[in-house]
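Take a look at the structure below.
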Number of protein chains: 2
Amino acid sequence: MLITLDEIETPAPVVDLDVLERNVARMAAAARERGVHLRPHAKTHKTAAIGRLQIAAGAHGLCVAKVGEAEAFADAGFDDLFVAYPIVGADKARRLLALADRARLMVGVDSVEGAASLAGVFSAAGRTLDVRLKIDVGLHRVGVAPERALELAERVAAMAGLRLRGVFTHAGQAYGEPTPEGVAAVAGDEGRILVETGARLRAAGIPVEDVSVGSTPTARQALRVDGVTECRPGNYVFNDGSQVALGTCGPEDCALTLVATVVSVPAADRAVVDAGSKTLSSDPLRPREGGYGQVRGRATRLSRLSEEHGVMAVAPGESFRVGERVRILPNHACVVSNLHDRLLAVRGDSVEAEWPVIARGRVQ
Amino acid sequence: MLITLDEIETPAPVVDLDVLERNVARMAAAARERGVHLRPHAKTHKTAAIGRLQIAAGAHGLCVAKVGEAEAFADAGFDDLFVAYPIVGADKARRLLALADRARLMVGVDSVEGAASLAGVFSAAGRTLDVRLKIDVGLHRVGVAPERALELAERVAAMAGLRLRGVFTHAGQAYGEPTPEGVAAVAGDEGRILVETGARLRAAGIPVEDVSVGSTPTARQALRVDGVTECRPGNYVFNDGSQVALGTCGPEDCALTLVATVVSVPAADRAVVDAGSKTLSSDPLRPREGGYGQVRGRATRLSRLSEEHGVMAVAPGESFRVGERVRILPNHACVVSNLHDRLLAVRGDSVEAEWPVIARGRVQ
C-alpha cells in the first residue's frame, strides 16, 4: 500500500512501526540479558505479524488468554502457546486436545475441579497436557494463595493426563499503584513470592521447571529476580496512556494511536471526534481517572465517550475545526485492538501494511 | 440447531426470543398508536434478523451510526437507512453516494463544514442527499443549540446537493437521571424543544417534514408529544441493567444475557467467570455505579472486570462452584453485541438460531 496517513479513513488504529520495533527489541534484550525466556502475551495485539516480530526477536513462544486465541495463532503457524488462564470444562479440553497435535501447549490451572476437567479428557485419549499452577501474588482475581499452593499442586501432580510444569502469576495490582515506587514494590513481591512458592513445591518433590511472571509495568524488574525463568508482558509492544501515567514508559514509547476526525465543534470548549467506546473502549485511565484518551501533541483529552462519539474537553488556548484529524493515545491498548478488524502499520506517514486482528471475536 | 443452553460453549451472548419479540411488538404498538414512525437504531444489535423483525412489526426503516453500518445493512437488503451522525468528509460522502443507488438514505448534519463536504460530492454527481439537522436538546455532545438552528438550517438548505428534510435529536442525558421522574422530564423537554425548533424553521420557510426523537428511556413519552413524527430507540429490543436501574423496564424485559462459566472460586466471597471486558465491555451501570453485570436469579454482581475475567463479589448466603454456569445481565447491551461475532437466539433452553453480527468491526 502506498498511501499516507492523510488518506486513510477514520477512525483507524495505527501502529507506529519504529516505536513497535523498538519496544519489541528492548523487552527482548532485557529478558536475554538475564537469561529469562520471554513469552509475550498476544492478547494485546491478536496480530500474527506482531507475534512473528516477537518470535524473530527471540521470544520463546506466545502467551494467550483464550482457547480461541490459541487456535487462531496455531492457524497462523505459531507452535508454542501457553493459555495463561484457568481453563475449565470438557468442551474446552477437547479443543485443547485437537490443538495439542499441532502446537506445544501449556494451560493454567487454579482448582482441583478445573484441572480434573482437563485431566479427564487428556487421560481418556492417552495424552498428557502440560499445566502450570496460577499463584495469586496480590491481585486477588484468580489463582491459589501461596500458602495453599502445595496442597493444590500435589493433587494436580497426581492427576493422570496432566503434567505439572511450573507456576505462574500476573501482578495486575501494579496498575493501581499511584507511584513508580509502588509499582517497583509490586514487581519485587511478584518475583519473590513466586520464586519462593516454586521452591516450596520443589522441596516437596514437585518438579517445578517454570517460574513465570507477567505484566508490563512489573516486567523489567520482576524478570531480574533470581529464580524467575519466564516473563509474559503483553502491553509493552504498544504501551498506552496508562503505562505513561504509571511511569512504565514515556509518550514517545506508545506505538498504537487512533486516527480520528473532528466531526463537530458545538462550543469553544467542546469538540467531538468519530472515535467512541466502540473504537477506544470505555476502559478508564490507570492508576487514576483521567478521561478516555489523550490527543497527541495537545493538552486536550477526551472527557467522555459514547459509542461513536469522543467528546474532547478542549484545553485552554487550543481549538479544533470540523474535518481536522487528530491522533488519540488510548488509555488501554489491549482492548483497542480487539475492537478493530485490522491495524494499519505505519512508518512515519506512510502506511506499510494492513494487519488483520486474527483472534478478534474469539471470545471462547 | 438442536442444542440447548447447557451445550453451548461459554462465554456466549444469548437473546431470549420471547422477550425480544415482546419488546419489538410493544415499541411498535406505542408508535403506531400515536401515528409516529418507528425507526429503530440498529447499532444496538447489528443483526439482520433482528432488523427484519423490527421491519415486520411496522418499523419505517432503520437508523444506524456509521456509514459502514449502513453499508452492512444495505448488503443485507435494508433499503431505508438514516445515518444519525454528523458525517464529515469527501471519503464518507463518496461511500454514501454509492449507497444512495441501493437505499433511500438520510444523513445527519450539524455544521456548515460537514454539510459542505457532503454537498460537494453529491452536487458534483448531480445528485441530492437528504439530510436532517441534529439539534442539541441538552446532552451537550453534538448538535446545534436550538437558538442557533435557524441560521445553520438556512445555510444547509441553500447548499446544492443537499435537501434538508427535518430535525432530529437524542436525549441521552436521560441516562444520567437518578429517578424515573427525572427521565420523564427529559423526555418531555426532548419532544417539546425539538417540535418548537421544527416549527421555528418552518415559519422561516424551511420545509421541515421530519421531527425525530430518540433514546430508549425517553421514547415512550417523547413520541407522544404532538408534532413528533419519528422515534429512534435502539436499546429497547434487548434492554439491559441500566434500563432496569433507570426504571425503563423490569428485569423480565431484558432479552440479552451472557452465559458464562465459573472458572475459579479462590475465596468464599469471590468467584470468577470467563466473561470480562472483552465480552461485556467496561461500560458502567447507569444512572449510578453498580458493578459490571448482575448474575441472573442471584444477588451477586460482577464487581470488577479485566479483559477475560469477571470477578463476582459473592453476595452473603450465595456460593458458586467451578464449572457452574451463570447468566449475566450486562450494564449496556449495545456494546455487548459489538464484541461478538454472533448472537445465539434461544427460546426457553433451546438454541433456535445463530445470528451473525453483520456490522461488527465497521467502525468507519
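Ordering of the C-alpha cells sets the chain letters (A, B, ...), residue numbers begin anew at 1 in every chain, and ligands are numbered from 1 in the order given.
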Long-range neighbours of A:Pro233 as JSON, numbers by chain, 7 Å cut-off, only C-alpha atoms, 3 positions minimum in chain: {"A": [40, 41, 214, 215, 216, 219, 236]}
Identify every residue of chain A that has at least one atom within 6 Å of any atom of chain B, counting only C-alpha atoms, and report the result as a PyMOL selection string. chain A and resi 10-11+88+263+282-283+340-341+361+364
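Residues surrounding A:Arg220 within 10 Å are Arg26, Met27, Ala30, Ala31, Ala184, Ala187, Gly214, Ser215, Thr216, Pro217, Leu223, Arg224, Val225, Cys231, Pro233 and Thr248 of chain A [only C-alpha atoms; sequence separation below 3 positions excluded].
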Near A:Gly120, within 10 Å and counting only C-alpha atoms, which residues show up once chain neighbours fewer than 2 positions away are dropped, as a CSV table (one decimal) with all heavy atoms, in the first residue's frame?
```
chain,number,residue,atom,x,y,z
A,89,GLY,N,-13.5,-27.3,31.9
A,89,GLY,CA,-14.6,-27.9,31.2
A,89,GLY,C,-14.1,-28.8,30.0
A,89,GLY,O,-13.1,-28.6,29.4
A,90,ALA,N,-15.0,-29.9,29.8
A,90,ALA,CA,-14.6,-30.9,28.8
A,90,ALA,C,-14.6,-30.3,27.4
A,90,ALA,O,-13.8,-30.7,26.5
A,90,ALA,CB,-15.6,-32.1,28.9
A,93,ALA,N,-11.4,-28.6,26.9
A,93,ALA,CA,-10.4,-29.6,26.9
A,93,ALA,C,-10.3,-30.4,25.6
A,93,ALA,O,-9.2,-30.7,25.1
A,93,ALA,CB,-10.6,-30.6,28.1
A,94,ARG,N,-11.4,-30.7,25.0
A,94,ARG,CA,-11.4,-31.4,23.7
A,94,ARG,C,-10.8,-30.5,22.6
A,94,ARG,O,-10.0,-31.0,21.7
A,94,ARG,CB,-12.8,-31.8,23.3
A,94,ARG,CG,-13.2,-33.1,24.0
A,94,ARG,CD,-14.5,-33.6,23.5
A,94,ARG,NE,-15.7,-32.8,23.9
A,94,ARG,CZ,-16.4,-33.1,25.0
A,94,ARG,NH1,-16.1,-34.1,25.8
A,94,ARG,NH2,-17.4,-32.3,25.3
A,115,ALA,N,-8.8,-28.5,36.9
A,115,ALA,CA,-7.7,-29.4,36.5
A,115,ALA,C,-8.3,-30.8,36.1
A,115,ALA,O,-7.9,-31.4,35.1
A,115,ALA,CB,-6.6,-29.6,37.6
A,116,ALA,N,-9.2,-31.3,37.0
A,116,ALA,CA,-9.8,-32.6,36.7
A,116,ALA,C,-10.6,-32.6,35.4
A,116,ALA,O,-10.6,-33.7,34.7
A,116,ALA,CB,-10.8,-33.0,37.9
A,117,SER,N,-11.2,-31.5,35.0
A,117,SER,CA,-12.0,-31.5,33.8
A,117,SER,C,-11.0,-31.6,32.6
A,117,SER,O,-11.4,-32.1,31.5
A,117,SER,CB,-12.9,-30.2,33.7
A,117,SER,OG,-12.1,-29.1,33.5
A,118,LEU,N,-9.8,-31.1,32.7
A,118,LEU,CA,-8.8,-31.2,31.6
A,118,LEU,C,-8.2,-32.6,31.7
A,118,LEU,O,-8.1,-33.3,30.6
A,118,LEU,CB,-7.7,-30.2,31.8
A,118,LEU,CG,-8.1,-28.7,31.8
A,118,LEU,CD1,-6.9,-27.9,32.1
A,118,LEU,CD2,-8.8,-28.3,30.5
A,122,PHE,N,-7.8,-35.6,28.6
A,122,PHE,CA,-6.5,-36.0,28.1
A,122,PHE,C,-6.2,-37.4,28.5
A,122,PHE,O,-5.6,-38.2,27.7
A,122,PHE,CB,-5.4,-35.0,28.6
A,122,PHE,CG,-5.3,-33.8,27.7
A,122,PHE,CD1,-6.3,-32.8,27.7
A,122,PHE,CD2,-4.3,-33.7,26.7
A,122,PHE,CE1,-6.2,-31.7,26.8
A,122,PHE,CE2,-4.2,-32.6,25.8
A,122,PHE,CZ,-5.2,-31.6,25.9
A,123,SER,N,-6.5,-37.8,29.7
A,123,SER,CA,-6.1,-39.2,30.1
A,123,SER,C,-7.0,-40.2,29.3
A,123,SER,O,-6.5,-41.3,28.9
A,123,SER,CB,-6.3,-39.4,31.6
A,123,SER,OG,-7.7,-39.3,32.0
A,124,ALA,N,-8.2,-39.9,29.0
A,124,ALA,CA,-9.1,-40.8,28.2
A,124,ALA,C,-8.5,-41.0,26.8
A,124,ALA,O,-8.6,-42.0,26.2
A,124,ALA,CB,-10.5,-40.3,28.1
A,125,ALA,N,-7.8,-39.9,26.3
A,125,ALA,CA,-7.2,-40.0,25.0
A,125,ALA,C,-5.7,-40.6,25.1
A,125,ALA,O,-5.1,-40.6,24.0
A,125,ALA,CB,-7.2,-38.6,24.4
A,126,GLY,N,-5.3,-40.9,26.3
A,126,GLY,CA,-3.9,-41.4,26.4
A,126,GLY,C,-2.9,-40.3,26.2
A,126,GLY,O,-1.8,-40.6,25.8
A,159,MET,N,-2.7,-36.2,39.0
A,159,MET,CA,-3.8,-36.5,38.0
A,159,MET,C,-3.2,-37.1,36.8
A,159,MET,O,-2.3,-36.5,36.1
A,159,MET,CB,-4.6,-35.2,37.7
A,159,MET,CG,-5.5,-34.7,38.8
A,159,MET,SD,-6.4,-33.2,38.3
A,159,MET,CE,-7.1,-32.7,39.9
A,160,ALA,N,-3.7,-38.3,36.4
A,160,ALA,CA,-3.3,-38.8,35.1
A,160,ALA,C,-3.8,-37.9,34.0
A,160,ALA,O,-4.9,-37.3,34.1
A,160,ALA,CB,-4.0,-40.2,34.9
A,161,GLY,N,-3.0,-37.7,33.0
A,161,GLY,CA,-3.4,-36.8,31.8
A,161,GLY,C,-2.8,-35.4,32.0
A,161,GLY,O,-2.9,-34.6,31.0
A,162,LEU,N,-2.3,-35.1,33.1
A,162,LEU,CA,-1.7,-33.8,33.3
A,162,LEU,C,-0.2,-33.9,33.7
A,162,LEU,O,0.1,-34.9,34.4
A,162,LEU,CB,-2.4,-32.9,34.4
A,162,LEU,CG,-3.9,-32.7,34.2
A,162,LEU,CD1,-4.4,-31.7,35.3
A,162,LEU,CD2,-4.2,-32.0,32.8
```
Neighbouring residues of A:Arg132 were defined as those with any atom within 12 Å, considering only C-alpha atoms; residues of the same chain fewer than 5 positions away were excluded. Please report them as a PyMOL selection string. chain A and resi 82-87+105-111+115+143-144+149+152-153+156-157+162-169+198+206-213
Would you put the residues from that selection into a file with N, CA, C and O atoms, as a compact mmCIF listing (two decimals), in the first residue's frame?
```
# COMPACT_ATOMS: atom_id res chain seq x y z
N PHE A 82 1.06 -20.84 25.41
CA PHE A 82 0.64 -21.02 26.80
C PHE A 82 -0.67 -20.26 26.99
O PHE A 82 -0.71 -19.04 26.82
N VAL A 83 -1.73 -20.99 27.33
CA VAL A 83 -3.02 -20.35 27.64
C VAL A 83 -3.00 -20.01 29.13
O VAL A 83 -3.24 -20.86 29.98
N ALA A 84 -2.66 -18.75 29.43
CA ALA A 84 -2.45 -18.32 30.81
C ALA A 84 -3.79 -17.98 31.46
O ALA A 84 -4.05 -16.83 31.83
N TYR A 85 -4.61 -18.97 31.59
CA TYR A 85 -5.97 -18.77 32.09
C TYR A 85 -6.43 -20.10 32.67
O TYR A 85 -6.09 -21.15 32.13
N PRO A 86 -7.20 -20.07 33.75
CA PRO A 86 -7.68 -21.35 34.30
C PRO A 86 -8.78 -21.92 33.41
O PRO A 86 -9.95 -21.57 33.54
N ILE A 87 -8.38 -22.78 32.50
CA ILE A 87 -9.35 -23.37 31.56
C ILE A 87 -10.14 -24.46 32.28
O ILE A 87 -9.58 -25.29 32.99
N LEU A 105 1.80 -27.08 23.88
CA LEU A 105 0.71 -26.39 24.54
C LEU A 105 0.89 -26.47 26.05
O LEU A 105 1.26 -27.51 26.59
N MET A 106 0.61 -25.35 26.73
CA MET A 106 0.50 -25.36 28.19
C MET A 106 -0.74 -24.58 28.56
O MET A 106 -1.16 -23.67 27.84
N VAL A 107 -1.30 -24.93 29.73
CA VAL A 107 -2.55 -24.31 30.16
C VAL A 107 -2.44 -24.01 31.65
O VAL A 107 -1.77 -24.73 32.39
N GLY A 108 -3.14 -22.96 32.09
CA GLY A 108 -3.18 -22.64 33.51
C GLY A 108 -4.23 -23.45 34.24
O GLY A 108 -5.26 -23.80 33.67
N VAL A 109 -3.96 -23.74 35.51
CA VAL A 109 -4.99 -24.34 36.38
C VAL A 109 -4.90 -23.64 37.74
O VAL A 109 -3.84 -23.17 38.14
N ASP A 110 -6.05 -23.53 38.41
CA ASP A 110 -6.02 -23.00 39.77
C ASP A 110 -7.03 -23.67 40.68
O ASP A 110 -7.29 -23.18 41.78
N SER A 111 -7.62 -24.78 40.22
CA SER A 111 -8.56 -25.51 41.09
C SER A 111 -8.51 -27.00 40.75
O SER A 111 -8.19 -27.39 39.63
N ALA A 115 -8.77 -28.53 36.92
CA ALA A 115 -7.71 -29.44 36.49
C ALA A 115 -8.30 -30.81 36.14
O ALA A 115 -7.93 -31.42 35.13
N GLY A 143 -6.31 -17.58 40.87
CA GLY A 143 -5.04 -18.08 41.39
C GLY A 143 -5.17 -18.53 42.84
O GLY A 143 -5.99 -18.02 43.59
N VAL A 144 -4.32 -19.48 43.18
CA VAL A 144 -4.33 -20.03 44.53
C VAL A 144 -3.38 -19.21 45.39
O VAL A 144 -2.34 -18.74 44.93
N ALA A 149 -0.74 -23.36 47.89
CA ALA A 149 -0.28 -23.85 46.58
C ALA A 149 0.17 -25.31 46.63
O ALA A 149 -0.10 -26.09 45.71
N LEU A 152 -2.71 -27.89 46.50
CA LEU A 152 -3.29 -28.00 45.16
C LEU A 152 -2.30 -28.65 44.19
O LEU A 152 -2.67 -29.51 43.38
N ALA A 153 -1.04 -28.26 44.30
CA ALA A 153 -0.02 -28.80 43.40
C ALA A 153 0.07 -30.31 43.52
O ALA A 153 0.17 -31.03 42.52
N VAL A 156 -2.93 -31.85 41.75
CA VAL A 156 -2.84 -31.74 40.28
C VAL A 156 -1.75 -32.68 39.75
O VAL A 156 -1.93 -33.38 38.74
N ALA A 157 -0.61 -32.70 40.46
CA ALA A 157 0.52 -33.53 40.01
C ALA A 157 0.14 -35.01 39.99
O ALA A 157 0.71 -35.79 39.22
N LEU A 162 -2.27 -35.08 33.14
CA LEU A 162 -1.66 -33.75 33.32
C LEU A 162 -0.22 -33.91 33.74
O LEU A 162 0.15 -34.85 34.43
N ARG A 163 0.60 -32.94 33.34
CA ARG A 163 1.96 -32.86 33.87
C ARG A 163 2.14 -31.44 34.39
O ARG A 163 2.02 -30.46 33.63
N LEU A 164 2.37 -31.32 35.69
CA LEU A 164 2.53 -30.00 36.30
C LEU A 164 3.96 -29.52 36.06
O LEU A 164 4.91 -30.09 36.57
N ARG A 165 4.06 -28.47 35.26
CA ARG A 165 5.38 -27.99 34.83
C ARG A 165 5.92 -26.84 35.65
O ARG A 165 7.10 -26.53 35.59
N GLY A 166 5.00 -26.08 36.31
CA GLY A 166 5.52 -24.91 36.99
C GLY A 166 4.44 -24.02 37.56
O GLY A 166 3.28 -24.45 37.70
N VAL A 167 4.85 -22.81 37.89
CA VAL A 167 3.93 -21.84 38.49
C VAL A 167 3.98 -20.55 37.68
O VAL A 167 4.98 -20.25 37.02
N PHE A 168 2.87 -19.82 37.72
CA PHE A 168 2.84 -18.53 37.02
C PHE A 168 1.95 -17.58 37.77
O PHE A 168 1.11 -17.98 38.59
N THR A 169 2.13 -16.30 37.49
CA THR A 169 1.30 -15.28 38.15
C THR A 169 1.20 -14.05 37.26
O THR A 169 1.88 -13.94 36.22
N GLY A 198 7.59 -21.60 44.21
CA GLY A 198 8.18 -22.66 43.38
C GLY A 198 9.16 -23.49 44.19
O GLY A 198 9.18 -24.73 44.08
N ILE A 206 7.88 -31.77 43.88
CA ILE A 206 7.21 -31.45 42.62
C ILE A 206 8.20 -30.77 41.68
O ILE A 206 8.82 -29.77 42.06
N PRO A 207 8.39 -31.31 40.49
CA PRO A 207 9.45 -30.80 39.60
C PRO A 207 9.06 -29.49 38.90
O PRO A 207 8.67 -29.49 37.74
N VAL A 208 9.15 -28.40 39.61
CA VAL A 208 8.79 -27.08 39.08
C VAL A 208 9.91 -26.57 38.17
O VAL A 208 11.00 -26.23 38.65
N GLU A 209 9.65 -26.59 36.87
CA GLU A 209 10.66 -26.08 35.93
C GLU A 209 10.45 -24.61 35.60
O GLU A 209 11.39 -23.86 35.39
N ASP A 210 9.17 -24.20 35.52
CA ASP A 210 8.86 -22.84 35.05
C ASP A 210 8.37 -21.97 36.19
O ASP A 210 7.45 -22.34 36.92
N VAL A 211 8.98 -20.81 36.31
CA VAL A 211 8.54 -19.79 37.27
C VAL A 211 8.29 -18.53 36.44
O VAL A 211 9.23 -17.83 36.07
N SER A 212 7.02 -18.27 36.13
CA SER A 212 6.68 -17.31 35.09
C SER A 212 5.92 -16.12 35.63
O SER A 212 4.81 -16.26 36.16
N VAL A 213 6.52 -14.94 35.49
CA VAL A 213 5.87 -13.70 35.93
C VAL A 213 5.28 -12.98 34.71
O VAL A 213 5.55 -13.33 33.57
```
All residues 9 Å or closer to B:Arg22, only C-alpha atoms, same chain fewer than 5 positions away omitted, as a list in words: Leu17, Met27, Val237 and Asp253 of chain B
List the neighbours of B:Ala204 out to 9 Å using only C-alpha atoms; skip same-chain residues closer than 3 positions along the sequence, and give me the result as a list in words. Leu150, Glu154, Ala199, Arg200, Leu201 and Pro207 of chain B
Taking the DSSP assignment computed from this structure's backbone, write out as an MDAnalysis selection string all residues of stretch 67-171 of chain A that belong to helix (DSSP H, G or I). chainID A and resid 67:75 90:99 112:124 146:157
Interatomic distance between atom CA of A:Val183 and atom CA of A:Leu133? 23.9 Å
Hey, what does DSSP flag as strand (DSSP E) within stretch 104-313 of chain A? Can you give it to me as a ChimeraX atom specification? /A:104-109,129-134,162-168,210-214,230-232,256-267,270-273,294-295,301-305,310-313
Selection above as a file: N, CA and C atoms, as a compact mmCIF listing (two decimals), in the first residue's frame:
```txt
# COMPACT_ATOMS: atom_id res chain seq x y z
N ARG A 104 3.05 -27.07 20.70
CA ARG A 104 3.42 -27.34 22.09
C ARG A 104 2.50 -26.46 22.93
N LEU A 105 1.80 -27.08 23.88
CA LEU A 105 0.71 -26.39 24.54
C LEU A 105 0.89 -26.47 26.05
N MET A 106 0.61 -25.35 26.73
CA MET A 106 0.50 -25.36 28.19
C MET A 106 -0.74 -24.58 28.56
N VAL A 107 -1.30 -24.93 29.73
CA VAL A 107 -2.55 -24.31 30.16
C VAL A 107 -2.44 -24.01 31.65
N GLY A 108 -3.14 -22.96 32.09
CA GLY A 108 -3.18 -22.64 33.51
C GLY A 108 -4.23 -23.45 34.24
N VAL A 109 -3.96 -23.74 35.51
CA VAL A 109 -4.99 -24.34 36.38
C VAL A 109 -4.90 -23.64 37.74
N LEU A 129 -1.30 -33.30 29.11
CA LEU A 129 -1.31 -31.85 28.91
C LEU A 129 -0.41 -31.19 29.95
N ASP A 130 0.48 -30.35 29.49
CA ASP A 130 1.33 -29.60 30.42
C ASP A 130 0.51 -28.48 31.06
N VAL A 131 0.57 -28.36 32.37
CA VAL A 131 -0.15 -27.29 33.06
C VAL A 131 0.79 -26.56 34.02
N ARG A 132 0.39 -25.34 34.29
CA ARG A 132 1.09 -24.53 35.29
C ARG A 132 0.07 -24.06 36.31
N LEU A 133 0.51 -23.96 37.53
CA LEU A 133 -0.38 -23.55 38.61
C LEU A 133 -0.38 -22.02 38.72
N LYS A 134 -1.57 -21.43 38.71
CA LYS A 134 -1.66 -19.98 38.85
C LYS A 134 -1.60 -19.61 40.33
N LEU A 162 -2.27 -35.08 33.14
CA LEU A 162 -1.66 -33.75 33.32
C LEU A 162 -0.22 -33.91 33.74
N ARG A 163 0.60 -32.94 33.34
CA ARG A 163 1.96 -32.86 33.87
C ARG A 163 2.14 -31.44 34.39
N LEU A 164 2.37 -31.32 35.69
CA LEU A 164 2.53 -30.00 36.30
C LEU A 164 3.96 -29.52 36.06
N ARG A 165 4.06 -28.47 35.26
CA ARG A 165 5.38 -27.99 34.83
C ARG A 165 5.92 -26.84 35.65
N GLY A 166 5.00 -26.08 36.31
CA GLY A 166 5.52 -24.91 36.99
C GLY A 166 4.44 -24.02 37.56
N VAL A 167 4.85 -22.81 37.89
CA VAL A 167 3.93 -21.84 38.49
C VAL A 167 3.98 -20.55 37.68
N PHE A 168 2.87 -19.82 37.72
CA PHE A 168 2.84 -18.53 37.02
C PHE A 168 1.95 -17.58 37.77
N ASP A 210 9.17 -24.20 35.52
CA ASP A 210 8.86 -22.84 35.05
C ASP A 210 8.37 -21.97 36.19
N VAL A 211 8.98 -20.81 36.31
CA VAL A 211 8.54 -19.79 37.27
C VAL A 211 8.29 -18.53 36.44
N SER A 212 7.02 -18.27 36.13
CA SER A 212 6.68 -17.31 35.09
C SER A 212 5.92 -16.12 35.63
N VAL A 213 6.52 -14.94 35.49
CA VAL A 213 5.87 -13.70 35.93
C VAL A 213 5.28 -12.98 34.71
N GLY A 214 4.47 -11.96 34.99
CA GLY A 214 3.86 -11.27 33.87
C GLY A 214 3.60 -9.82 34.18
N GLU A 230 10.73 -17.14 33.29
CA GLU A 230 9.96 -16.68 32.13
C GLU A 230 9.20 -15.40 32.49
N CYS A 231 9.00 -14.57 31.49
CA CYS A 231 8.27 -13.32 31.70
C CYS A 231 7.25 -13.16 30.56
N ARG A 232 6.02 -12.72 30.89
CA ARG A 232 4.94 -12.69 29.91
C ARG A 232 4.26 -11.32 29.79
N LEU A 256 0.64 2.55 19.50
CA LEU A 256 -0.73 2.45 18.97
C LEU A 256 -1.50 3.75 19.25
N THR A 257 -1.98 4.36 18.18
CA THR A 257 -2.86 5.52 18.34
C THR A 257 -4.07 5.33 17.42
N LEU A 258 -5.09 6.11 17.70
CA LEU A 258 -6.27 6.11 16.84
C LEU A 258 -6.27 7.39 16.04
N VAL A 259 -6.34 7.28 14.73
CA VAL A 259 -6.53 8.47 13.92
C VAL A 259 -8.04 8.72 13.83
N ALA A 260 -8.45 9.92 14.21
CA ALA A 260 -9.87 10.24 14.25
C ALA A 260 -10.10 11.58 13.57
N THR A 261 -11.34 11.83 13.19
CA THR A 261 -11.72 13.09 12.56
C THR A 261 -12.63 13.87 13.49
N VAL A 262 -12.39 15.16 13.60
CA VAL A 262 -13.30 16.03 14.34
C VAL A 262 -14.57 16.17 13.50
N VAL A 263 -15.70 15.75 14.06
CA VAL A 263 -16.95 15.78 13.28
C VAL A 263 -17.87 16.90 13.73
N SER A 264 -17.59 17.51 14.88
CA SER A 264 -18.50 18.54 15.38
C SER A 264 -17.76 19.41 16.38
N VAL A 265 -17.97 20.71 16.27
CA VAL A 265 -17.39 21.65 17.26
C VAL A 265 -18.53 22.53 17.74
N PRO A 266 -19.34 22.00 18.64
CA PRO A 266 -20.55 22.72 19.02
C PRO A 266 -20.30 23.90 19.94
N ALA A 267 -19.13 23.96 20.59
CA ALA A 267 -18.85 25.03 21.54
C ALA A 267 -17.34 25.23 21.60
N ARG A 270 -15.69 22.49 23.53
CA ARG A 270 -16.10 21.11 23.24
C ARG A 270 -15.98 20.82 21.76
N ALA A 271 -15.31 19.72 21.44
CA ALA A 271 -15.23 19.24 20.06
C ALA A 271 -15.38 17.73 20.13
N VAL A 272 -15.92 17.16 19.06
CA VAL A 272 -16.27 15.74 19.10
C VAL A 272 -15.61 15.02 17.93
N VAL A 273 -14.98 13.88 18.23
CA VAL A 273 -14.35 13.07 17.19
C VAL A 273 -15.15 11.79 16.95
N GLN A 294 -5.87 10.73 25.20
CA GLN A 294 -5.10 11.98 25.12
C GLN A 294 -4.89 12.32 23.65
N VAL A 295 -5.18 13.56 23.27
CA VAL A 295 -4.92 13.99 21.90
C VAL A 295 -3.42 14.24 21.77
N ARG A 301 -7.88 16.41 26.24
CA ARG A 301 -8.21 14.99 26.46
C ARG A 301 -9.65 14.71 26.07
N LEU A 302 -9.96 13.45 25.86
CA LEU A 302 -11.35 13.04 25.71
C LEU A 302 -11.95 12.93 27.10
N SER A 303 -12.99 13.70 27.34
CA SER A 303 -13.55 13.73 28.69
C SER A 303 -14.70 12.76 28.86
N ARG A 304 -15.38 12.43 27.78
CA ARG A 304 -16.41 11.38 27.87
C ARG A 304 -16.61 10.74 26.51
N LEU A 305 -17.13 9.53 26.55
CA LEU A 305 -17.33 8.76 25.33
C LEU A 305 -18.76 8.28 25.28
N GLY A 310 -16.42 10.68 20.65
CA GLY A 310 -15.44 11.01 21.68
C GLY A 310 -15.51 12.51 21.93
N VAL A 311 -15.93 12.86 23.12
CA VAL A 311 -16.10 14.28 23.43
C VAL A 311 -14.81 14.83 24.03
N MET A 312 -14.21 15.79 23.34
CA MET A 312 -12.97 16.39 23.83
C MET A 312 -13.31 17.63 24.66
N ALA A 313 -12.73 17.69 25.85
CA ALA A 313 -12.79 18.92 26.64
C ALA A 313 -11.62 19.77 26.16
```
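Between atom CA of B:Ala345 and atom CA of B:Val357 lies a distance of 12.1 Å.
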Interatomic distance (Å, one decimal) between atom CA of B:Ala171 and atom CA of B:Ala359: 24.4 Å
